[in-house]
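As provided, model_30.cif (mmCIF, C-alpha atoms) reads as follows.
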data_work
loop_
_atom_site.label_atom_id
_atom_site.label_comp_id
_atom_site.auth_asym_id
_atom_site.auth_seq_id
_atom_site.Cartn_x
_atom_site.Cartn_y
_atom_site.Cartn_z
CA MET A 1402 145.91 134.94 -26.38
CA ALA A 1403 144.54 138.31 -25.41
CA THR A 1404 147.51 139.08 -23.19
CA ASP A 1405 150.10 140.19 -25.68
CA HIS A 1406 148.83 143.69 -26.47
CA ASN A 1407 150.74 146.85 -25.69
CA GLY A 1408 150.16 148.54 -22.41
CA VAL A 1409 148.50 151.89 -21.97
CA THR A 1410 147.63 154.20 -19.13
CA VAL A 1411 143.98 155.27 -18.96
CA TRP A 1412 144.03 158.32 -16.74
CA PHE A 1413 140.71 159.51 -15.28
CA THR A 1414 140.79 163.10 -14.04
CA GLY A 1415 137.95 165.17 -12.69
CA LEU A 1416 136.32 166.57 -9.57
CA SER A 1417 135.43 164.49 -6.56
CA GLY A 1418 132.12 162.75 -7.14
CA ALA A 1419 132.16 163.23 -10.92
CA GLY A 1420 132.20 159.46 -11.45
CA LYS A 1421 135.87 158.67 -12.13
CA SER A 1422 136.09 155.62 -9.90
CA THR A 1423 132.69 154.29 -10.97
CA ILE A 1424 133.68 154.25 -14.63
CA ALA A 1425 137.21 153.08 -13.83
CA GLU A 1426 135.91 150.10 -11.86
CA ARG A 1427 133.52 149.11 -14.64
CA LEU A 1428 136.36 149.41 -17.13
CA LEU A 1429 138.58 147.19 -15.00
CA ALA A 1430 135.84 144.56 -14.74
CA VAL A 1431 135.28 144.55 -18.51
CA LEU A 1432 138.99 144.24 -19.29
CA GLN A 1433 139.63 141.51 -16.74
CA ASP A 1434 136.62 139.64 -18.03
CA GLN A 1435 138.30 139.73 -21.46
CA GLY A 1436 141.52 138.33 -20.00
CA ILE A 1437 143.35 141.61 -20.58
CA LYS A 1438 146.02 142.42 -18.02
CA SER A 1439 144.81 145.47 -16.18
CA GLU A 1440 145.21 147.22 -12.86
CA LEU A 1441 143.34 150.04 -11.18
CA LEU A 1442 145.37 152.62 -9.29
CA ASP A 1443 142.70 154.46 -7.39
CA GLY A 1444 143.63 157.77 -5.79
CA ASP A 1445 142.45 156.73 -2.35
CA ILE A 1446 144.22 153.37 -2.38
CA VAL A 1447 147.39 154.96 -3.67
CA ARG A 1448 147.33 157.55 -0.93
CA THR A 1449 147.37 154.70 1.58
CA ASN A 1450 150.06 152.63 -0.11
CA LEU A 1451 152.38 155.16 -1.69
CA SER A 1452 151.66 158.56 -0.29
CA LYS A 1453 150.75 158.33 3.35
CA GLY A 1454 151.82 161.56 4.99
CA LEU A 1455 151.26 163.70 1.92
CA GLY A 1456 148.67 166.45 2.21
CA PHE A 1457 146.72 168.49 -0.31
CA SER A 1458 149.02 171.41 -1.02
CA LYS A 1459 149.92 171.82 -4.68
CA GLU A 1460 153.36 170.41 -3.97
CA ASP A 1461 152.04 167.32 -2.18
CA ARG A 1462 149.37 166.74 -4.80
CA ASP A 1463 152.00 166.93 -7.53
CA THR A 1464 154.23 164.48 -5.65
CA ASN A 1465 151.29 162.10 -5.32
CA ILE A 1466 150.57 162.30 -9.06
CA ARG A 1467 154.23 161.75 -9.94
CA ARG A 1468 154.30 158.61 -7.79
CA ILE A 1469 151.18 157.27 -9.45
CA GLY A 1470 152.76 158.14 -12.79
CA PHE A 1471 155.96 156.28 -11.91
CA VAL A 1472 154.02 153.12 -11.06
CA SER A 1473 151.67 153.44 -14.01
CA ASP A 1474 154.66 153.78 -16.34
CA LEU A 1475 156.17 150.55 -14.97
CA LEU A 1476 152.90 148.72 -15.59
CA THR A 1477 152.26 150.26 -19.00
CA ARG A 1478 155.66 149.42 -20.42
CA ASN A 1479 155.10 145.82 -19.33
CA GLY A 1480 151.91 145.45 -21.33
CA VAL A 1481 149.35 146.23 -18.65
CA VAL A 1482 146.34 148.49 -19.09
CA SER A 1483 146.93 150.72 -16.10
CA ILE A 1484 143.78 152.55 -15.07
CA VAL A 1485 144.31 155.58 -12.87
CA SER A 1486 141.51 157.34 -11.05
CA ALA A 1487 142.70 160.50 -9.34
CA ILE A 1488 141.40 164.07 -9.18
CA SER A 1489 144.81 165.21 -10.49
CA PRO A 1490 143.78 168.87 -10.65
CA TYR A 1491 146.95 170.36 -12.13
CA ARG A 1492 147.47 170.34 -15.87
CA GLU A 1493 151.25 170.65 -15.83
CA VAL A 1494 151.93 167.51 -13.80
CA ARG A 1495 149.32 165.55 -15.76
CA ASP A 1496 151.14 166.52 -18.94
CA GLU A 1497 154.47 165.63 -17.36
CA VAL A 1498 153.18 162.16 -16.54
CA ARG A 1499 151.69 161.82 -20.02
CA GLU A 1500 155.06 162.57 -21.57
CA GLN A 1501 156.85 160.15 -19.28
CA ILE A 1502 154.49 157.29 -20.04
CA GLY A 1503 153.87 157.88 -23.75
CA ASP A 1504 150.97 155.47 -24.23
CA PHE A 1505 148.41 157.61 -22.49
CA ILE A 1506 144.66 158.14 -22.73
CA GLU A 1507 143.40 161.07 -20.69
CA VAL A 1508 139.74 160.80 -19.75
CA HIS A 1509 138.18 163.95 -18.43
CA VAL A 1510 135.18 163.00 -16.32
CA HIS A 1511 133.07 166.11 -16.19
CA ALA A 1512 130.02 167.17 -14.27
CA SER A 1513 129.12 170.72 -13.27
CA LEU A 1514 129.76 171.92 -9.74
CA ASP A 1515 126.00 172.47 -9.32
CA GLU A 1516 125.40 168.83 -10.15
CA LEU A 1517 128.15 167.63 -7.83
CA VAL A 1518 126.79 169.71 -4.96
CA LYS A 1519 123.40 168.20 -5.66
CA ARG A 1520 124.75 164.62 -5.67
CA ASP A 1521 127.20 165.10 -2.80
CA VAL A 1522 127.35 161.36 -2.13
CA LYS A 1523 129.92 161.70 0.63
CA GLY A 1524 128.66 165.00 2.05
CA LEU A 1525 132.00 166.59 1.23
CA TYR A 1526 130.75 169.47 -0.90
CA GLU A 1527 128.44 170.69 1.83
CA LYS A 1528 131.34 170.77 4.26
CA ALA A 1529 133.68 172.32 1.73
CA LEU A 1530 131.19 175.07 0.89
CA LYS A 1531 130.87 175.83 4.61
CA GLY A 1532 134.65 176.21 4.69
CA GLU A 1533 135.14 173.11 6.81
CA ILE A 1534 137.49 171.38 4.32
CA PRO A 1535 140.43 173.45 3.15
CA ASN A 1536 142.00 172.78 -0.26
CA PHE A 1537 138.88 171.13 -1.64
CA THR A 1538 139.23 170.88 -5.41
CA GLY A 1539 136.55 172.82 -7.28
CA VAL A 1540 135.51 174.77 -4.21
CA SER A 1541 138.54 176.14 -2.40
CA ASP A 1542 141.27 174.72 -4.65
CA PRO A 1543 141.67 174.97 -8.42
CA TYR A 1544 140.81 172.33 -10.99
CA GLU A 1545 142.51 172.83 -14.33
CA GLU A 1546 140.47 171.08 -17.02
CA PRO A 1547 142.35 169.12 -19.67
CA LEU A 1548 142.61 171.21 -22.84
CA ASN A 1549 142.65 168.30 -25.23
CA PRO A 1550 141.79 165.00 -23.53
CA GLU A 1551 141.54 161.85 -25.63
CA VAL A 1552 138.11 161.22 -24.10
CA LEU A 1553 135.61 163.62 -22.58
CA VAL A 1554 132.68 162.15 -20.71
CA ASN A 1555 129.89 164.17 -19.19
CA THR A 1556 128.31 162.17 -16.41
CA GLU A 1557 125.62 164.79 -15.99
CA GLU A 1558 124.18 163.98 -19.40
CA GLU A 1559 125.35 160.44 -20.14
CA GLU A 1560 124.45 157.05 -18.77
CA ILE A 1561 127.49 155.14 -17.52
CA GLU A 1562 127.29 152.74 -20.48
CA GLU A 1563 127.76 155.65 -22.85
CA SER A 1564 130.72 157.04 -20.93
CA LEU A 1565 132.31 153.60 -20.65
CA GLY A 1566 131.70 153.04 -24.36
CA LYS A 1567 133.72 156.15 -25.20
CA VAL A 1568 136.68 154.91 -23.17
CA LEU A 1569 136.44 151.45 -24.70
CA ALA A 1570 136.33 153.00 -28.17
CA ALA A 1571 139.67 154.66 -27.41
CA LEU A 1572 141.07 151.26 -26.40
CA GLU A 1573 139.66 149.78 -29.59
CA GLU A 1574 141.54 152.39 -31.62
CA ARG A 1575 144.75 151.21 -29.95
CA ASP A 1576 144.00 147.55 -30.67
CA ILE A 1577 143.71 146.69 -27.01
CA ILE A 1578 140.20 145.38 -27.46
CA PRO A 1579 138.95 143.87 -30.70
CA SER A 1580 137.68 146.18 -33.42
CA GLY A 1581 133.97 146.82 -33.09
CA ALA A 1582 133.71 145.42 -29.57
CA SER A 1583 133.43 148.61 -27.55
CA ARG A 1584 129.66 149.14 -27.70
CA GLU A 1585 128.82 145.59 -26.77
CA LEU A 1586 131.42 145.47 -23.97
CA ALA A 1587 130.05 148.73 -22.59
CA GLY A 1588 126.56 147.25 -22.48
CA VAL A 1589 125.18 149.87 -24.87
CA ALA A 1590 121.82 148.73 -26.27
CA THR A 1591 122.11 148.24 -30.03
CA MET B 726 157.28 133.60 -26.88
CA ALA B 727 159.32 134.05 -23.74
CA THR B 728 156.90 136.61 -22.34
CA ASP B 729 154.17 134.43 -20.98
CA HIS B 730 155.79 133.11 -17.83
CA ASN B 731 154.58 133.85 -14.35
CA GLY B 732 155.95 136.81 -12.55
CA VAL B 733 158.17 136.65 -9.52
CA THR B 734 159.86 139.09 -7.20
CA VAL B 735 163.61 138.59 -6.74
CA TRP B 736 164.42 140.50 -3.58
CA PHE B 737 168.07 141.30 -2.87
CA THR B 738 168.74 142.17 0.75
CA GLY B 739 172.06 142.89 2.42
CA LEU B 740 174.38 145.56 3.73
CA SER B 741 175.44 148.59 1.76
CA GLY B 742 178.29 147.69 -0.56
CA ALA B 743 177.71 143.93 -0.36
CA GLY B 744 176.98 143.78 -4.09
CA LYS B 745 173.18 143.77 -4.31
CA SER B 746 172.86 146.29 -7.11
CA THR B 747 175.78 144.86 -9.06
CA ILE B 748 174.21 141.40 -9.19
CA ALA B 749 170.72 142.85 -9.69
CA GLU B 750 171.84 144.88 -12.70
CA ARG B 751 173.56 141.87 -14.26
CA LEU B 752 170.43 139.83 -13.67
CA LEU B 753 168.27 142.48 -15.33
CA ALA B 754 170.58 142.57 -18.35
CA VAL B 755 170.49 138.78 -18.74
CA LEU B 756 166.70 138.61 -18.47
CA GLN B 757 166.08 141.48 -20.85
CA ASP B 758 168.50 139.93 -23.29
CA GLN B 759 166.30 136.82 -23.16
CA GLY B 760 163.18 138.88 -23.88
CA ILE B 761 161.83 138.25 -20.40
CA LYS B 762 159.79 141.10 -18.98
CA SER B 763 161.75 142.43 -16.04
CA GLU B 764 162.19 145.58 -14.01
CA LEU B 765 164.72 146.66 -11.42
CA LEU B 766 163.46 148.58 -8.43
CA ASP B 767 166.64 149.87 -6.92
CA GLY B 768 166.51 151.26 -3.41
CA ASP B 769 168.09 154.57 -4.36
CA ILE B 770 165.84 155.14 -7.37
CA VAL B 771 162.79 154.20 -5.37
CA ARG B 772 163.70 156.63 -2.64
CA THR B 773 163.64 159.37 -5.26
CA ASN B 774 160.43 158.34 -6.97
CA LEU B 775 158.29 156.88 -4.21
CA SER B 776 159.75 157.82 -0.88
CA LYS B 777 161.22 161.30 -0.99
CA GLY B 778 160.96 162.74 2.47
CA LEU B 779 161.32 159.43 4.27
CA GLY B 780 164.32 159.04 6.55
CA PHE B 781 166.12 156.07 8.05
CA SER B 782 164.21 155.43 11.25
CA LYS B 783 162.78 151.93 11.54
CA GLU B 784 159.32 153.30 10.78
CA ASP B 785 160.43 155.16 7.67
CA ARG B 786 162.51 152.22 6.45
CA ASP B 787 159.52 149.93 6.88
CA THR B 788 157.29 152.37 4.97
CA ASN B 789 159.84 152.47 2.16
CA ILE B 790 159.95 148.67 1.97
CA ARG B 791 156.15 148.42 2.00
CA ARG B 792 155.95 150.84 -0.93
CA ILE B 793 158.50 148.85 -2.90
CA GLY B 794 156.54 145.74 -2.00
CA PHE B 795 153.28 147.28 -3.23
CA VAL B 796 154.83 148.12 -6.60
CA SER B 797 156.66 144.82 -6.89
CA ASP B 798 153.42 142.98 -6.22
CA LEU B 799 151.67 144.86 -9.05
CA LEU B 800 154.47 143.94 -11.44
CA THR B 801 154.77 140.33 -10.28
CA ARG B 802 151.08 139.56 -10.63
CA ASN B 803 151.25 140.87 -14.19
CA GLY B 804 153.95 138.45 -15.23
CA VAL B 805 157.02 140.63 -14.71
CA VAL B 806 160.24 139.50 -13.02
CA SER B 807 160.52 142.32 -10.52
CA ILE B 808 164.03 142.66 -9.18
CA VAL B 809 164.35 144.61 -5.95
CA SER B 810 167.65 145.80 -4.56
CA ALA B 811 167.27 147.36 -1.14
CA ILE B 812 169.12 146.97 2.15
CA SER B 813 165.76 146.10 3.79
CA PRO B 814 167.30 145.40 7.18
CA TYR B 815 164.20 144.30 9.07
CA ARG B 816 163.05 140.71 8.85
CA GLU B 817 159.45 141.29 9.82
CA VAL B 818 158.63 143.70 7.00
CA ARG B 819 160.54 141.57 4.49
CA ASP B 820 158.38 138.63 5.52
CA GLU B 821 155.26 140.78 5.32
CA VAL B 822 156.12 141.72 1.75
CA ARG B 823 156.93 138.10 0.91
CA GLU B 824 153.53 137.02 2.11
CA GLN B 825 151.78 139.80 0.20
CA ILE B 826 153.51 138.96 -3.06
CA GLY B 827 153.57 135.17 -2.87
CA ASP B 828 155.95 134.48 -5.75
CA PHE B 829 159.08 135.57 -3.96
CA ILE B 830 162.77 134.70 -4.09
CA GLU B 831 164.79 136.23 -1.28
CA VAL B 832 168.46 136.63 -2.09
CA HIS B 833 170.71 137.38 0.84
CA VAL B 834 173.83 139.11 -0.45
CA HIS B 835 176.38 138.58 2.25
CA ALA B 836 179.82 139.92 2.93
CA SER B 837 181.43 140.41 6.35
CA LEU B 838 181.57 143.86 7.86
CA ASP B 839 185.39 143.65 7.81
CA GLU B 840 185.29 143.10 4.07
CA LEU B 841 182.80 145.92 3.52
CA VAL B 842 184.91 148.34 5.54
CA LYS B 843 187.89 147.28 3.42
CA ARG B 844 185.97 147.82 0.14
CA ASP B 845 184.16 150.96 1.23
CA VAL B 846 183.52 152.03 -2.37
CA LYS B 847 181.51 155.09 -1.41
CA GLY B 848 183.50 155.97 1.72
CA LEU B 849 180.36 155.53 3.79
CA TYR B 850 181.67 152.95 6.25
CA GLU B 851 184.56 155.18 7.27
CA LYS B 852 182.15 157.99 8.01
CA ALA B 853 179.71 155.71 9.75
CA LEU B 854 182.43 154.22 11.97
CA LYS B 855 183.45 157.75 12.94
CA GLY B 856 179.86 158.37 13.95
CA GLU B 857 179.26 160.83 11.14
CA ILE B 858 176.30 158.92 9.65
CA PRO B 859 173.56 158.02 12.09
CA ASN B 860 171.37 154.97 11.45
CA PHE B 861 173.91 153.30 9.22
CA THR B 862 172.92 149.68 8.75
CA GLY B 863 175.50 147.23 10.07
CA VAL B 864 177.34 149.90 12.05
CA SER B 865 174.89 152.00 14.04
CA ASP B 866 171.65 150.36 12.93
CA PRO B 867 170.67 146.68 12.97
CA TYR B 868 170.68 144.28 10.04
CA GLU B 869 168.54 141.22 10.61
CA GLU B 870 169.80 138.44 8.36
CA PRO B 871 167.24 136.29 6.55
CA LEU B 872 166.77 133.01 8.40
CA ASN B 873 165.89 130.96 5.38
CA PRO B 874 166.51 132.81 2.11
CA GLU B 875 165.90 131.01 -1.18
CA VAL B 876 169.40 132.06 -2.27
CA LEU B 877 172.46 132.95 -0.23
CA VAL B 878 175.39 134.48 -2.02
CA ASN B 879 178.69 135.36 -0.42
CA THR B 880 180.39 138.05 -2.43
CA GLU B 881 183.48 137.77 -0.30
CA GLU B 882 184.17 134.28 -1.59
CA GLU B 883 182.36 134.08 -4.91
CA GLU B 884 182.94 135.63 -8.30
CA ILE B 885 179.89 137.52 -9.56
CA GLU B 886 179.21 134.81 -12.18
CA GLU B 887 178.81 132.27 -9.40
CA SER B 888 176.46 134.49 -7.40
CA LEU B 889 174.44 135.34 -10.49
CA GLY B 890 174.31 131.66 -11.40
CA LYS B 891 172.71 130.83 -8.08
CA VAL B 892 169.97 133.39 -8.64
CA LEU B 893 169.40 132.19 -12.18
CA ALA B 894 169.17 128.61 -10.93
CA ALA B 895 166.31 129.71 -8.68
CA LEU B 896 164.58 131.24 -11.72
CA GLU B 897 165.19 128.04 -13.63
CA GLU B 898 163.42 126.08 -10.88
CA ARG B 899 160.40 128.31 -11.39
CA ASP B 900 160.44 127.84 -15.17
CA ILE B 901 161.19 131.49 -15.81
CA ILE B 902 164.33 130.64 -17.72
CA PRO B 903 164.78 127.40 -19.65
CA SER B 904 165.90 124.32 -17.78
CA GLY B 905 169.67 124.01 -17.73
CA ALA B 906 170.29 127.57 -18.92
CA SER B 907 171.40 129.19 -15.69
CA ARG B 908 175.13 128.43 -15.82
CA GLU B 909 175.53 129.56 -19.39
CA LEU B 910 173.48 132.72 -18.87
CA ALA B 911 175.54 133.55 -15.81
CA GLY B 912 178.71 133.24 -17.85
CA VAL B 913 180.07 130.44 -15.68
CA ALA B 914 182.92 128.65 -17.43
CA THR B 915 181.92 125.06 -18.15
#

Turn the structure described in the file into structure tokens.
Amino acid sequence: MATDHNGVTVWFTGLSGAGKSTIAERLLAVLQDQGIKSELLDGDIVRTNLSKGLGFSKEDRDTNIRRIGFVSDLLTRNGVVSIVSAISPYREVRDEVREQIGDFIEVHVHASLDELVKRDVKGLYEKALKGEIPNFTGVSDPYEEPLNPEVLVNTEEEEIEESLGKVLAALEERDIIPSGASRELAGVAT
Amino acid sequence: MATDHNGVTVWFTGLSGAGKSTIAERLLAVLQDQGIKSELLDGDIVRTNLSKGLGFSKEDRDTNIRRIGFVSDLLTRNGVVSIVSAISPYREVRDEVREQIGDFIEVHVHASLDELVKRDVKGLYEKALKGEIPNFTGVSDPYEEPLNPEVLVNTEEEEIEESLGKVLAALEERDIIPSGASRELAGVAT
């Protein structure tokens, strides 16, 4: 039975467009394929289901993160791999959530602002740089990088398989996936 | 291993002071004592962690219930017995949550208004009857009784062991506790 491992929260933080949700979704697919209980709490979905009405002030962002943290804690302590994908720009509340949950892997998904402006998949950076979106993280709102994340991925330099492999290696260390399995599960050519 | 059962949501609905949380807490203690993964989402705690800022209009109450339902669904589908204790006065949103979750036991915790006014543990009914608390369910706000709950307990006539036994019997039917165990676990004299 692959189901009786401990739970853990895998918390993806980073700027909009950096690739958090892309890696998080791949991770979810890999884990579910292995029969490992896992859930993805995606920032956008959570805003619909838990945080409708909240805005993007620091206070509202912190409230949103605390709610995600509350739910992720419930899942984690019941043996689920709870994957969170949320910009979560403020260090203090991320650390608060980390302390609350305990079993916590912080994944900083990094790409430079230049790169993100170049990608601009949703056209948001262009608008934000024109001043059309207030409180846009990285442009008109702060992003406080993790000082000591368990995993740092750089989507500007890495293929997704490499980034995913790093996250899976962290799960391997915690005996959530079998020892030695991370590279193969990530689809890294050997 | 007692951990590999299916999850289920046990949803306690009823007026303030009827005994929802008392039975829910006893149920949680019994299940955890049996090593069964279980969580209690209590209305008051949830209002702090998920729904700060929401009031007691029908719309806000429905939003609160949908949030609890969202979380309870996540727990239930990961094999947890998710116990919810919330007045949840509106039938339509209760049924919406039931449909979303699927594995759902609705427990109507009933006591007459006369009895609740007599108990009035928190002094709320007195204030509500004086008009000092607006939107107080059962006095100045509607309570829509479940039409067909899986379990109906009457705390005006039953000892807590009897009420708890009924809930445990419903869990026995779903193979979450061993067959024949409900009376003993409830502490019913045999």

* On this file, the PyMOL selection byres ((chain A) within 12 of (chain B)) gives some set of residues; write that set as a ChimeraX atom specification. => /A:1402-1406,1408,1433,1436-1442,1446-1455,1461,1464-1483

Hey, can you spit out that residue selection with C-alpha atoms as a PDB file, keeping the file's coordinate frame?
ATOM      1  CA  MET A1402     145.910 134.940 -26.380  1.00  0.00           C
ATOM      2  CA  ALA A1403     144.540 138.310 -25.410  1.00  0.00           C
ATOM      3  CA  THR A1404     147.510 139.080 -23.190  1.00  0.00           C
ATOM      4  CA  ASP A1405     150.100 140.190 -25.680  1.00  0.00           C
ATOM      5  CA  HIS A1406     148.830 143.690 -26.470  1.00  0.00           C
ATOM      6  CA  GLY A1408     150.160 148.540 -22.410  1.00  0.00           C
ATOM      7  CA  GLN A1433     139.630 141.510 -16.740  1.00  0.00           C
ATOM      8  CA  GLY A1436     141.520 138.330 -20.000  1.00  0.00           C
ATOM      9  CA  ILE A1437     143.350 141.610 -20.580  1.00  0.00           C
ATOM     10  CA  LYS A1438     146.020 142.420 -18.020  1.00  0.00           C
ATOM     11  CA  SER A1439     144.810 145.470 -16.180  1.00  0.00           C
ATOM     12  CA  GLU A1440     145.210 147.220 -12.860  1.00  0.00           C
ATOM     13  CA  LEU A1441     143.340 150.040 -11.180  1.00  0.00           C
ATOM     14  CA  LEU A1442     145.370 152.620  -9.290  1.00  0.00           C
ATOM     15  CA  ILE A1446     144.220 153.370  -2.380  1.00  0.00           C
ATOM     16  CA  VAL A1447     147.390 154.960  -3.670  1.00  0.00           C
ATOM     17  CA  ARG A1448     147.330 157.550  -0.930  1.00  0.00           C
ATOM     18  CA  THR A1449     147.370 154.700   1.580  1.00  0.00           C
ATOM     19  CA  ASN A1450     150.060 152.630  -0.110  1.00  0.00           C
ATOM     20  CA  LEU A1451     152.380 155.160  -1.690  1.00  0.00           C
ATOM     21  CA  SER A1452     151.660 158.560  -0.290  1.00  0.00           C
ATOM     22  CA  LYS A1453     150.750 158.330   3.350  1.00  0.00           C
ATOM     23  CA  GLY A1454     151.820 161.560   4.990  1.00  0.00           C
ATOM     24  CA  LEU A1455     151.260 163.700   1.920  1.00  0.00           C
ATOM     25  CA  ASP A1461     152.040 167.320  -2.180  1.00  0.00           C
ATOM     26  CA  THR A1464     154.230 164.480  -5.650  1.00  0.00           C
ATOM     27  CA  ASN A1465     151.290 162.100  -5.320  1.00  0.00           C
ATOM     28  CA  ILE A1466     150.570 162.300  -9.060  1.00  0.00           C
ATOM     29  CA  ARG A1467     154.230 161.750  -9.940  1.00  0.00           C
ATOM     30  CA  ARG A1468     154.300 158.610  -7.790  1.00  0.00           C
ATOM     31  CA  ILE A1469     151.180 157.270  -9.450  1.00  0.00           C
ATOM     32  CA  GLY A1470     152.760 158.140 -12.790  1.00  0.00           C
ATOM     33  CA  PHE A1471     155.960 156.280 -11.910  1.00  0.00           C
ATOM     34  CA  VAL A1472     154.020 153.120 -11.060  1.00  0.00           C
ATOM     35  CA  SER A1473     151.670 153.440 -14.010  1.00  0.00           C
ATOM     36  CA  ASP A1474     154.660 153.780 -16.340  1.00  0.00           C
ATOM     37  CA  LEU A1475     156.170 150.550 -14.970  1.00  0.00           C
ATOM     38  CA  LEU A1476     152.900 148.720 -15.590  1.00  0.00           C
ATOM     39  CA  THR A1477     152.260 150.260 -19.000  1.00  0.00           C
ATOM     40  CA  ARG A1478     155.660 149.420 -20.420  1.00  0.00           C
ATOM     41  CA  ASN A1479     155.100 145.820 -19.330  1.00  0.00           C
ATOM     42  CA  GLY A1480     151.910 145.450 -21.330  1.00  0.00           C
ATOM     43  CA  VAL A1481     149.350 146.230 -18.650  1.00  0.00           C
ATOM     44  CA  VAL A1482     146.340 148.490 -19.090  1.00  0.00           C
ATOM     45  CA  SER A1483     146.930 150.720 -16.100  1.00  0.00           C
TER      46      SER A1483
END

* Asked: So how far away is CA of Gly1539 (chain A) from CA of Asp1521 (chain A), in Å?
  ->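 CA of Gly1539 (chain A) lies at a distance of 12.9 Å from CA of Asp1521 (chain A).
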
* Structure fact -> CA of Glu1563 (chain A) to CA of Leu1586 (chain A) measures 10.9 Å

* Distance query His1509 (chain A) at most 8 Å, only C-alpha atoms, self and fewer than 6 positions along chain excluded, as a PyMOL selection string -> chain A and resi 1413-1415+1546-1547+1550+1552-1554

* Residues at most 8 Å from Leu889 (chain B), counting all atoms listed in the file, excluding those fewer than 3 positions away in the same chain, as an MDAnalysis selection string? -> chainID B and resid 748 751:752 885:886 892:893 911

* **Between CA of Leu872 (chain B) and CA of Ile902 (chain B) - distance in Å to one decimal** => 26.3 Å

* Asked: Within 10 Å of (150.0, 170.7, -13.1), all atoms listed in the file: residues as a ChimeraX atom specification?
  -> /A:1459-1460,1462-1463,1466,1489-1498,1544-1545

* Using the chain letters and residue numbers of this document, give as a PyMOL selection string the residues selected by the PyMOL selection byres ((chain A and resi 1516) around 12). => chain A and resi 1416-1420+1511-1515+1517-1522+1526+1555-1558

Report as JSON the centre and the edge lengths, in Å to one decimal, of the axis-aligned box holding every listed atom of region 784-789 of chain B, padded by 3 Å on each side.
{"center_x": 159.9, "center_y": 152.5, "center_z": 6.5, "size_x": 11.2, "size_y": 11.2, "size_z": 14.6}

* Residues picked by the PyMOL selection byres ((chain B and resi 865) around 12) here, as a VMD selection string? -> chain B and resid 781 to 782 850 852 to 864 866 to 868

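The smallest atom-to-atom distance between Ala1571 (chain A) and any of A:Val1589, A:Ile1506, A:Ile1484, A:Leu1525, using all atoms listed in the file, is found for A:Ile1506.
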